[in-house]
$ cat run-v9.txt   # compact mmCIF, C-alpha atoms
# COMPACT_ATOMS: atom_id res chain seq x y z
CA MET A 15 13.22 6.88 -53.57
CA GLU A 16 14.77 10.05 -54.97
CA LEU A 17 17.53 11.57 -52.96
CA SER A 18 16.03 15.04 -53.06
CA LYS A 19 12.81 13.76 -51.56
CA ILE A 20 14.72 12.05 -48.75
CA GLU A 21 16.68 15.21 -48.08
CA LYS A 22 13.50 17.23 -47.93
CA LEU A 23 11.95 14.71 -45.55
CA LEU A 24 15.04 14.85 -43.37
CA GLU A 25 14.74 18.59 -43.17
CA LYS A 26 11.13 18.28 -42.10
CA TYR A 27 12.11 15.54 -39.68
CA PHE A 28 14.49 17.77 -37.77
CA GLU A 29 11.83 20.44 -37.50
CA ALA A 30 9.51 17.77 -36.04
CA GLU A 31 7.08 18.32 -38.88
CA THR A 32 7.02 14.83 -40.36
CA SER A 33 4.07 12.52 -39.86
CA LEU A 34 4.46 8.99 -38.59
CA ALA A 35 4.04 7.72 -42.15
CA GLU A 36 6.85 9.95 -43.39
CA GLU A 37 9.06 8.85 -40.54
CA ALA A 38 8.33 5.26 -41.48
CA LEU A 39 9.47 6.08 -45.03
CA LEU A 40 12.72 7.47 -43.69
CA LYS A 41 13.30 4.44 -41.52
CA GLU A 42 12.63 2.18 -44.44
CA TYR A 43 14.95 4.10 -46.73
CA PHE A 44 17.78 4.04 -44.22
CA SER A 45 17.45 0.35 -43.51
CA GLN A 46 19.13 -0.41 -46.84
CA GLU A 47 22.87 -0.74 -47.16
CA ASP A 48 23.41 1.49 -50.18
CA ILE A 49 23.34 5.04 -48.91
CA PRO A 50 25.21 8.12 -50.19
CA PRO A 51 28.14 8.86 -47.84
CA HIS A 52 26.83 12.21 -46.63
CA LEU A 53 23.68 10.51 -45.32
CA VAL A 54 25.43 7.71 -43.45
CA PRO A 55 25.13 9.37 -40.01
CA TYR A 56 21.37 9.48 -40.52
CA ARG A 57 21.35 5.84 -41.37
CA ASP A 58 22.97 5.08 -38.03
CA LEU A 59 20.37 7.18 -36.29
CA PHE A 60 17.36 5.49 -37.90
CA VAL A 61 18.89 2.05 -37.60
CA TYR A 62 19.39 2.73 -33.92
CA PHE A 63 15.74 3.72 -33.53
CA ASN A 64 14.57 0.61 -35.34
CA GLN A 65 16.85 -1.56 -33.32
CA SER A 66 15.81 -0.03 -30.01
CA SER A 67 12.18 -0.74 -30.69
CA THR A 68 12.85 -4.49 -30.75
CA GLU A 69 14.34 -4.72 -27.29
CA VAL A 70 12.27 -6.86 -24.97
CA ALA A 71 11.98 -7.34 -21.22
CA GLU A 72 13.47 -10.68 -20.33
CA LYS A 73 11.86 -11.27 -16.96
CA GLU A 74 8.36 -12.65 -16.63
CA ILE A 75 5.89 -10.54 -14.75
CA VAL A 76 4.93 -12.16 -11.47
CA LEU A 77 1.50 -11.34 -10.13
CA PRO A 78 0.32 -12.34 -6.68
CA GLN A 79 -1.16 -15.83 -7.10
CA ARG A 80 -4.37 -16.89 -5.49
CA ASN A 81 -3.67 -20.57 -5.22
CA HIS A 82 -5.85 -23.32 -3.83
CA LEU A 83 -3.61 -24.07 -0.90
CA LEU A 84 -4.05 -20.51 0.28
CA GLN A 85 -7.81 -20.72 -0.08
CA TRP A 86 -7.96 -23.92 1.98
CA LEU A 87 -5.66 -22.42 4.53
CA SER A 88 -7.95 -19.44 4.90
CA VAL A 89 -10.98 -21.72 5.33
CA ALA A 90 -9.10 -23.68 7.97
CA ALA A 91 -8.03 -20.50 9.70
CA ALA A 92 -11.62 -19.28 9.80
CA LEU A 93 -12.78 -22.58 11.29
CA ILE A 94 -10.07 -22.53 13.93
CA LEU A 95 -11.00 -18.98 14.80
CA MET A 96 -14.69 -19.85 15.19
CA VAL A 97 -13.97 -22.91 17.33
CA SER A 98 -11.59 -21.02 19.57
CA VAL A 99 -13.99 -18.11 20.01
CA TYR A 100 -16.75 -20.56 20.91
CA SER A 101 -14.61 -22.44 23.41
CA VAL A 102 -13.46 -19.24 25.05
CA TYR A 103 -17.12 -18.22 25.34
CA GLN A 104 -17.98 -21.57 26.85
CA LYS A 105 -15.14 -21.35 29.33
CA ASN A 106 -16.22 -17.87 30.26
CA GLN A 107 -19.77 -19.08 30.95
CA ARG A 108 -18.49 -21.94 33.07
CA GLU A 109 -16.32 -19.57 35.05
CA LYS A 110 -19.28 -17.28 35.66
CA GLN A 111 -21.33 -20.21 36.87
CA GLU A 112 -18.53 -21.30 39.20
CA ALA A 113 -18.11 -17.80 40.48
CA ARG A 114 -21.82 -17.60 41.28
CA LEU A 115 -21.69 -20.90 43.18
CA ALA A 116 -18.61 -19.76 45.06
CA TYR A 117 -20.39 -16.54 45.98
CA ILE A 118 -23.37 -18.39 47.35
CA GLU A 119 -21.10 -20.73 49.33
CA THR A 120 -19.12 -17.83 50.71
CA THR A 121 -22.21 -15.90 51.83
CA ARG A 122 -23.51 -19.03 53.48
CA ALA A 123 -20.22 -19.55 55.30
CA LEU A 124 -20.05 -15.89 56.33
CA ASN A 125 -23.62 -16.08 57.64
CA MET A 126 -22.70 -19.10 59.69
CA ILE A 127 -19.70 -17.32 61.14
CA SER A 128 -21.74 -14.27 62.04
CA GLN A 129 -24.42 -16.43 63.71
CA ASN A 130 -21.78 -18.20 65.77
CA LEU A 131 -20.12 -14.90 66.64
CA ASN A 132 -23.48 -13.61 67.86
CA LYS A 133 -23.81 -16.70 70.01
CA GLY A 134 -20.40 -15.94 71.50
CA ASN A 135 -21.44 -12.33 72.10
CA ARG A 136 -24.43 -13.46 74.07
CA ALA A 137 -22.14 -15.63 76.21
CA ILE A 138 -19.91 -12.62 76.84
CA VAL A 139 -22.94 -10.59 77.94
CA LYS A 140 -23.81 -13.36 80.39
CA LEU A 141 -20.24 -13.37 81.68
CA GLU A 142 -20.41 -9.65 82.26
CA THR A 143 -23.57 -9.95 84.34
CA PHE A 144 -21.85 -12.70 86.29
CA ASP A 145 -18.89 -10.44 86.89
CA GLN A 146 -21.02 -7.54 88.09
CA THR A 147 -23.04 -9.70 90.39
CA ALA A 148 -19.91 -11.28 91.74
CA ASN A 149 -18.43 -7.84 92.45
CA LYS A 150 -21.58 -6.78 94.27
CA ILE A 151 -21.48 -9.85 96.46
CA PHE A 152 -17.78 -9.50 97.27
CA LYS A 153 -18.15 -5.79 98.05
CA ASN A 154 -21.10 -6.47 100.31
CA ASN A 155 -19.17 -9.12 102.17
CA LYS A 156 -16.41 -6.69 103.18
CA MET B 12 -11.51 -8.65 -13.85
CA ASN B 13 -9.68 -11.92 -13.43
CA GLN B 14 -6.00 -12.47 -13.95
CA LYS B 15 -6.31 -13.68 -17.51
CA GLU B 16 -8.43 -10.76 -18.66
CA PHE B 17 -6.02 -8.43 -16.95
CA LEU B 18 -2.99 -9.96 -18.63
CA ASP B 19 -4.67 -9.89 -22.04
CA LYS B 20 -5.24 -6.21 -21.57
CA VAL B 21 -1.85 -5.12 -20.24
CA MET B 22 0.71 -7.55 -21.58
CA PRO B 23 0.78 -6.25 -25.19
CA PHE B 24 2.62 -3.10 -24.13
CA LYS B 25 4.93 -4.66 -21.55
CA ASP B 26 8.03 -4.16 -23.69
CA LYS B 27 7.16 -0.52 -24.31
CA VAL B 28 6.91 0.00 -20.56
CA TYR B 29 10.25 -1.74 -20.16
CA ARG B 30 11.93 0.30 -22.88
CA LEU B 31 10.68 3.61 -21.50
CA ALA B 32 11.86 2.57 -18.04
CA LYS B 33 15.23 1.61 -19.43
CA ARG B 34 15.53 4.89 -21.31
CA LEU B 35 15.04 6.74 -18.05
CA LEU B 36 16.74 4.44 -15.54
CA VAL B 37 19.49 3.31 -17.96
CA SER B 38 20.24 -0.08 -16.41
CA SER B 39 18.33 -3.13 -17.67
CA ASP B 40 18.05 -4.57 -14.18
CA GLU B 41 16.42 -1.48 -12.82
CA ALA B 42 14.15 -1.32 -15.84
CA GLU B 43 13.08 -4.94 -15.28
CA ASP B 44 12.36 -4.20 -11.63
CA ALA B 45 10.44 -1.07 -12.55
CA THR B 46 8.37 -3.03 -15.07
CA GLN B 47 7.52 -5.65 -12.47
CA GLU B 48 6.64 -2.97 -9.94
CA LEU B 49 4.42 -1.19 -12.45
CA TYR B 50 2.53 -4.30 -13.35
CA LEU B 51 1.89 -4.95 -9.68
CA LYS B 52 0.56 -1.40 -9.39
CA LEU B 53 -1.65 -1.94 -12.42
CA TRP B 54 -2.86 -5.22 -10.95
CA ARG B 55 -3.77 -3.51 -7.67
CA ASN B 56 -5.64 -0.86 -9.66
CA LYS B 57 -7.24 -3.34 -12.00
CA ASP B 58 -10.74 -2.22 -11.15
CA LYS B 59 -9.92 1.32 -12.21
CA ILE B 60 -8.34 0.20 -15.48
CA ASP B 61 -11.71 -0.63 -16.98
CA GLY B 62 -12.63 3.03 -16.71
CA TYR B 63 -9.78 4.17 -18.95
CA ASP B 64 -10.27 4.21 -22.73
CA ASN B 65 -6.55 4.12 -23.27
CA VAL B 66 -4.99 1.75 -20.76
CA GLU B 67 -1.69 1.85 -22.59
CA ALA B 68 -1.33 5.62 -22.27
CA PHE B 69 -2.33 5.34 -18.61
CA ALA B 70 0.33 2.68 -18.04
CA MET B 71 2.96 4.72 -19.86
CA THR B 72 2.15 7.76 -17.71
CA MET B 73 2.51 5.59 -14.61
CA THR B 74 5.85 4.34 -15.93
CA LYS B 75 7.06 7.86 -16.51
CA ASN B 76 6.02 9.02 -13.04
CA TYR B 77 7.43 5.95 -11.36
CA CYS B 78 10.81 6.23 -13.08
CA LEU B 79 11.10 9.96 -12.45
CA ASP B 80 10.37 9.30 -8.77
CA GLN B 81 13.03 6.62 -8.73
CA LEU B 82 15.53 9.00 -10.27
CA LYS B 83 14.62 11.69 -7.79
CA SER B 84 15.08 9.45 -4.77
CA LYS B 85 18.31 8.14 -6.24
CA ARG B 86 19.65 11.63 -6.64
CA ALA B 87 18.52 12.48 -3.13
CA SER B 88 20.45 9.57 -1.71
CA ASN B 89 23.46 10.44 -3.87
CA LEU B 90 23.73 7.06 -5.52
CA THR B 91 25.60 7.01 -8.78
CA LEU B 92 24.29 5.03 -11.67
CA VAL B 93 26.53 2.45 -13.19
CA HIS B 94 25.74 1.75 -16.79
CA SER B 95 27.13 -1.66 -17.30
CA ASN B 96 24.62 -3.62 -19.26
CA TYR B 97 24.16 -2.79 -22.87
CA LYS B 98 22.54 -5.53 -24.83
CA ASP B 99 22.79 -4.58 -28.44
CA LYS B 100 21.24 -6.82 -30.99
CA GLU B 101 23.20 -7.18 -34.16
CA ILE B 102 21.63 -6.23 -37.47
CA SER B 103 24.16 -6.87 -40.15
CA LEU B 104 27.20 -8.97 -39.43
CA GLN B 105 29.57 -6.95 -41.58
CA LYS B 106 28.67 -3.69 -39.93
CA LYS B 107 28.72 -5.18 -36.50
CA ILE B 108 31.66 -3.33 -35.00
CA GLU B 109 30.98 -0.05 -36.74
CA LEU B 110 27.31 -0.12 -35.79
CA LYS B 111 27.99 -1.22 -32.27
CA ASP B 112 30.06 1.86 -31.85
CA SER B 113 27.46 4.18 -33.31
CA THR B 114 24.76 2.43 -31.29
CA THR B 115 26.64 2.97 -28.07
CA LEU B 116 27.30 6.53 -29.03
CA LEU B 117 23.69 7.26 -29.94
CA LYS B 118 22.49 5.69 -26.73
CA LYS B 119 24.88 7.88 -24.82
CA LEU B 120 23.73 10.96 -26.71
CA ILE B 121 20.13 10.25 -25.82
CA ASP B 122 21.10 9.69 -22.19
CA GLU B 123 22.65 13.14 -22.17
CA LEU B 124 19.41 14.81 -23.23
CA PRO B 125 17.12 16.35 -20.60
CA GLU B 126 14.60 13.80 -19.26
CA LYS B 127 11.65 15.30 -21.10
CA GLN B 128 13.40 15.23 -24.47
CA ARG B 129 14.62 11.72 -23.77
CA MET B 130 11.08 10.53 -23.17
CA ILE B 131 9.80 12.29 -26.27
CA ILE B 132 12.50 10.73 -28.46
CA GLN B 133 11.69 7.36 -26.95
CA LEU B 134 7.95 7.68 -27.47
CA ARG B 135 8.09 9.19 -30.95
CA ASP B 136 11.18 7.88 -32.73
CA ILE B 137 11.33 4.47 -31.11
CA GLU B 138 7.75 3.62 -30.16
CA ASN B 139 6.13 5.62 -32.99
CA TYR B 140 3.35 7.20 -30.97
CA GLU B 141 1.18 9.95 -32.45
CA TYR B 142 1.62 13.43 -30.98
CA ALA B 143 -1.83 13.23 -29.39
CA GLU B 144 -0.84 10.02 -27.58
CA ILE B 145 2.45 11.48 -26.41
CA ALA B 146 0.52 14.51 -25.17
CA GLU B 147 -1.74 12.22 -23.17
CA ILE B 148 1.14 10.21 -21.74
CA LEU B 149 3.33 13.14 -20.79
CA LYS B 150 0.48 15.56 -20.01
CA MET B 151 2.00 18.15 -22.32
CA GLU B 152 0.74 20.36 -25.13
CA PRO B 153 1.37 18.87 -28.61
CA THR B 154 3.12 22.06 -29.74
CA ALA B 155 5.46 21.92 -26.77
CA ILE B 156 6.19 18.31 -27.66
CA ARG B 157 7.10 19.26 -31.23
CA VAL B 158 9.41 22.01 -30.04
CA ALA B 159 11.18 19.70 -27.60
CA LEU B 160 11.36 16.91 -30.16
CA SER B 161 12.90 19.15 -32.80
CA ARG B 162 15.42 20.38 -30.27
CA ALA B 163 16.30 16.85 -29.21
CA ARG B 164 16.71 15.61 -32.78
CA LYS B 165 18.91 18.56 -33.72
CA THR B 166 21.07 18.17 -30.63
CA MET B 167 21.60 14.52 -31.44
CA ARG B 168 22.43 15.27 -35.07
CA GLU B 169 24.89 17.94 -34.08
CA LYS B 170 26.68 15.88 -31.43
CA PHE B 171 26.63 12.72 -33.48
CA THR B 172 28.13 14.20 -36.65
CA LYS B 173 30.68 16.08 -34.60
CA LYS B 174 31.85 12.98 -32.76
CA GLN B 175 31.83 10.92 -35.92
CA ASN B 176 33.97 13.45 -37.76
CA TYR B 177 36.52 13.52 -35.00
CA GLY B 178 36.26 9.82 -34.53
CA ILE B 179 35.91 10.17 -30.77
CA ILE B 180 33.43 8.21 -28.80
$ encode --input "run-v9.txt" --output "structure tokens"
Amino acid sequence: MELSKIEKLLEKYFEAETSLAEEALLKEYFSQEDIPPHLVPYRDLFVYFNQSSTEVAEKEIVLPQRNHLLQWLSVAAALILMVSVYSVYQKNQREKQEARLAYIETTRALNMISQNLNKGNRAIVKLETFDQTANKIFKNNK
Amino acid sequence: MNQKEFLDKVMPFKDKVYRLAKRLLVSSDEAEDATQELYLKLWRNKDKIDGYDNVEAFAMTMTKNYCLDQLKSKRASNLTLVHSNYKDKEISLQKKIELKDSTTLLKKLIDELPEKQRMIIQLRDIENYEYAEIAEILKMEPTAIRVALSRARKTMREKFTKKQNYGII
């Protein structure tokens, strides 16, 4: 390519007026070895740009894997959860049943106690009458 | 979208994401980490991706935002960046030393540019995006992009020729 054309393109380039195609022309021109001395700094610039565009990321991207082990583990976890919820429910029901039985037993026992206490009360009432009568008799005898 | 469809869609521009991240974060390690992080973000948003006509531009915008956030939090915590890993690929064996020097210098000159100009140089001169695409990625007006690009290119030319003439790197 003619030198004058390159120089004109360079001028446009620094004013940011070149198109991508024109910039590609410049990059192509400066990728050759034989360049007039006064344009050598530009060669370094465009070579640097070209070179920089070939740099690659070395590390592989790691995305969260959904592997089979994990899927089975989640199924197992769900099963365990269901079984444990069910057994806790069952245990709860059993405890309620036991509590009801215990309640009935307790009321029965308490009833028995109160009946017996009433019996005792009646005996005390009898004793009192005995006491009063005894007092009367002893007083009268004096 | 399953994993394979997702990868087919987003893997083609992985290196561009990496290079933009590296341009901003400077170290290759951090750029690799940022790339990984971004792809995880994309994967989590994979259902939204279908809605975008230009997934690449969307990913590049995410990269830009992510890296700028990283830089901001780094500055806030007063950590200094250590640039230790330059991996320059050789082009011509004869020019190896000479070019390595100018490559290092040019890289440094770009690093010295303001972040916006750095990104524009990266997207235009290295990744060869059209102005409309850069506008979409950076959420800027195309004219503003041209102004910043011209400024960046001129700054680089000025500093580069100056340093070359004095032979200082």
$ closest_atom_pairs --input "run-v9.txt" --of "chain A" --to "chain B" --cutoff "10 Å" --atoms "all atoms listed in the file" --output "CSV"
residue,atom,partner,partner_atom,distance
A:Lys26,CA,B:Ser161,CA,9.5
A:Tyr27,CA,B:Ser161,CA,7.8
A:Phe28,CA,B:Ser161,CA,5.4
A:Glu29,CA,B:Ser161,CA,5.0
A:Ala30,CA,B:Ser161,CA,4.9
A:Glu31,CA,B:Arg157,CA,7.7
A:Ser33,CA,B:Glu141,CA,8.4
A:Leu34,CA,B:Asn139,CA,6.7
A:Ala35,CA,B:Asn139,CA,9.6
A:Glu37,CA,B:Asp136,CA,8.2
A:Ala38,CA,B:Asn139,CA,8.8
A:Lys41,CA,B:Asp136,CA,9.7
A:Ser45,CA,B:Ile102,CA,9.9
A:Glu47,CA,B:Ser103,CA,9.4
A:Val54,CA,B:Thr172,CA,9.8
A:Pro55,CA,B:Thr172,CA,6.6
A:Tyr56,CA,B:Arg168,CA,8.0
A:Asp58,CA,B:Ser113,CA,6.6
A:Leu59,CA,B:Leu117,CA,7.2
A:Phe60,CA,B:Asp136,CA,8.4
A:Val61,CA,B:Thr114,CA,8.6
A:Tyr62,CA,B:Thr114,CA,6.0
A:Phe63,CA,B:Ile137,CA,5.1
A:Asn64,CA,B:Ile137,CA,6.6
A:Gln65,CA,B:Lys100,CA,7.2
A:Ser66,CA,B:Ile137,CA,6.4
A:Ser67,CA,B:Ile137,CA,5.3
A:Thr68,CA,B:Asp26,CA,8.6
A:Glu69,CA,B:Arg30,CA,7.1
A:Val70,CA,B:Asp26,CA,5.2
A:Ala71,CA,B:Asp26,CA,5.6
A:Glu72,CA,B:Glu43,CA,7.7
A:Lys73,CA,B:Glu43,CA,6.7
A:Glu74,CA,B:Gln47,CA,8.2
A:Ile75,CA,B:Gln47,CA,5.6
A:Val76,CA,B:Gln47,CA,7.1
A:Leu77,CA,B:Leu51,CA,6.4
A:Pro78,CA,B:Leu51,CA,8.1
A:Gln79,CA,B:Gln14,CA,9.0
A:Arg80,CA,B:Gln14,CA,9.7
$ atom_distance --input "run-v9.txt" --atom1 "CA of Ile131 (chain B)" --atom2 "CA of Thr74 (chain B)"
13.6 Å
$ atom_distance --input "run-v9.txt" --atom1 "CA of Tyr77 (chain B)" --atom2 "CA of Ala45 (chain B)"
7.7 Å
$ atom_distance --input "run-v9.txt" --atom1 "CA of Ser88 (chain B)" --atom2 "CA of Lys52 (chain B)"
24.0 Å
$ axis_aligned_box --input "run-v9.txt" --around "region 16-20 of chain A" --padding-each-side "3 Å" --output "AutoDock Vina command-line options"
--center_x 15.2 --center_y 12.5 --center_z -51.9 --size_x 10.7 --size_y 11.0 --size_z 12.2
$ closest_residue --input "run-v9.txt" --among "B:Ser84, B:Asn76, B:Ser38, B:Asn56" --to "Glu126 (chain B)" --atoms "all atoms listed in the file"
B:Asn76
